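Peer 1: One structure coming up, written as structure tokens, with questions to follow.
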Amino acid sequence: MPEATEKSVLGTVERVLGSTVRMNEGRPSIISEGFSFTGDITADHVLHVEGRIEGKIHVGAVVVGPNGCVKGSVRCTRFHVKGVFEGILECEELELESSARVDGTIEYRVLNVQRGAVVRGEMIVRRGAR
């Protein structure tokens, strides 16, 4: 199986099977506006999305910017949305800004929603430790 490691401004990136990315250094990983990514992402720290991601994401925290869009399955400790999320989400803390648009199955422990946020789907409150 071919495997490549690249050094970038954001840290070490390992590419395995083309669409799986693992980022594990302490700096945030940023998907910029105008950039689209389809595949799986695993990171120990923050993923900041201003562009579009579709796939399976397992990270420490996600910030979806006002122009960002995430579609798929996400598992993280903290999920902060200003843009769009569609899919399945498991998180400890969910924060929805007034511009957030969320559609899917959302499982969380702590919820903070600003007036104006739109939520469709199933909201499940998780009790106790993960």
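In the structure tokens, the first chain shown is A, the next is B, and so on; residue numbers restart at 1 for each chain, and ligands run from 1 in the order shown.
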What lies within 7 Å of Ile88 (chain A) using only C-alpha atoms, ignoring chain neighbours under 5 positions off, as a count of residues only?
Peer 2: 6
Peer 1: Excluding Leu89 (chain A) and any residue of its chain fewer than 6 positions from it, enumerate the residues within 12 Å of it, using only C-alpha atoms, and give them as a PyMOL selection string.
Peer 2: chain A and resi 55-59+61-62+70-81+102-109+121-125
Peer 1: Any chance you could list, as number ranges by chain, the residues in region 14-114 of chain A that come up strand (DSSP E) when DSSP is run on the backbone?
Peer 2: A: 14-16, 20-23, 29-31, 36-38, 40-43, 46-49, 52-58, 61-64, 69-81, 84-96, 101-108, 110-113
Peer 1: CA of Phe85 (chain A) to CA of Leu47 (chain A): how many Å, to one decimal?
Peer 2: 13.9 Å
Peer 1: Mind checking which residues fall within 7 Å of Val64 (chain A), counting only C-alpha atoms, ignoring those fewer than 5 positions away in the same chain, and posting them as a PyMOL selection string?
Peer 2: chain A and resi 48-50+69+80-83
Peer 1: Write a file of the just-selected residues containing N, CA and C atoms, as a compact mmCIF listing (two decimals), in the first residue's frame.
Peer 2:
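What follows is the written file selection.txt:
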```
# COMPACT_ATOMS: atom_id res chain seq x y z
N HIS A 48 -10.96 23.47 11.18
CA HIS A 48 -11.73 24.68 10.88
C HIS A 48 -12.14 24.60 9.41
N VAL A 49 -13.45 24.67 9.16
CA VAL A 49 -13.97 24.49 7.80
C VAL A 49 -14.62 25.77 7.30
N GLU A 50 -14.04 26.36 6.26
CA GLU A 50 -14.64 27.49 5.56
C GLU A 50 -15.08 27.04 4.17
N CYS A 69 -19.39 24.17 4.94
CA CYS A 69 -20.42 23.14 4.83
C CYS A 69 -19.78 21.78 5.11
N HIS A 80 -18.81 23.51 16.70
CA HIS A 80 -19.27 24.89 16.68
C HIS A 80 -19.66 25.23 15.24
N VAL A 81 -20.93 25.59 15.03
CA VAL A 81 -21.43 25.79 13.67
C VAL A 81 -21.91 27.22 13.46
N LYS A 82 -21.37 27.82 12.40
CA LYS A 82 -21.87 29.11 11.91
C LYS A 82 -22.45 28.92 10.51
N GLY A 83 -22.07 27.83 9.86
CA GLY A 83 -22.51 27.53 8.49
C GLY A 83 -23.50 26.39 8.44
```
Peer 1: Work out how far apart CA of Leu111 (chain A) and CA of Cys91 (chain A) are and give it in Å to one decimal.
Peer 2: 9.9 Å
Peer 1: Using only C-alpha atoms, which protein or nucleic acid residues come within 7 Å of Asn112 (chain A)? Drop anything in the same chain fewer than 6 positions from it, and give the result as a list of chain:residue names.
Peer 2: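 Selected residues are A:Leu94, A:Glu95, A:Leu96.
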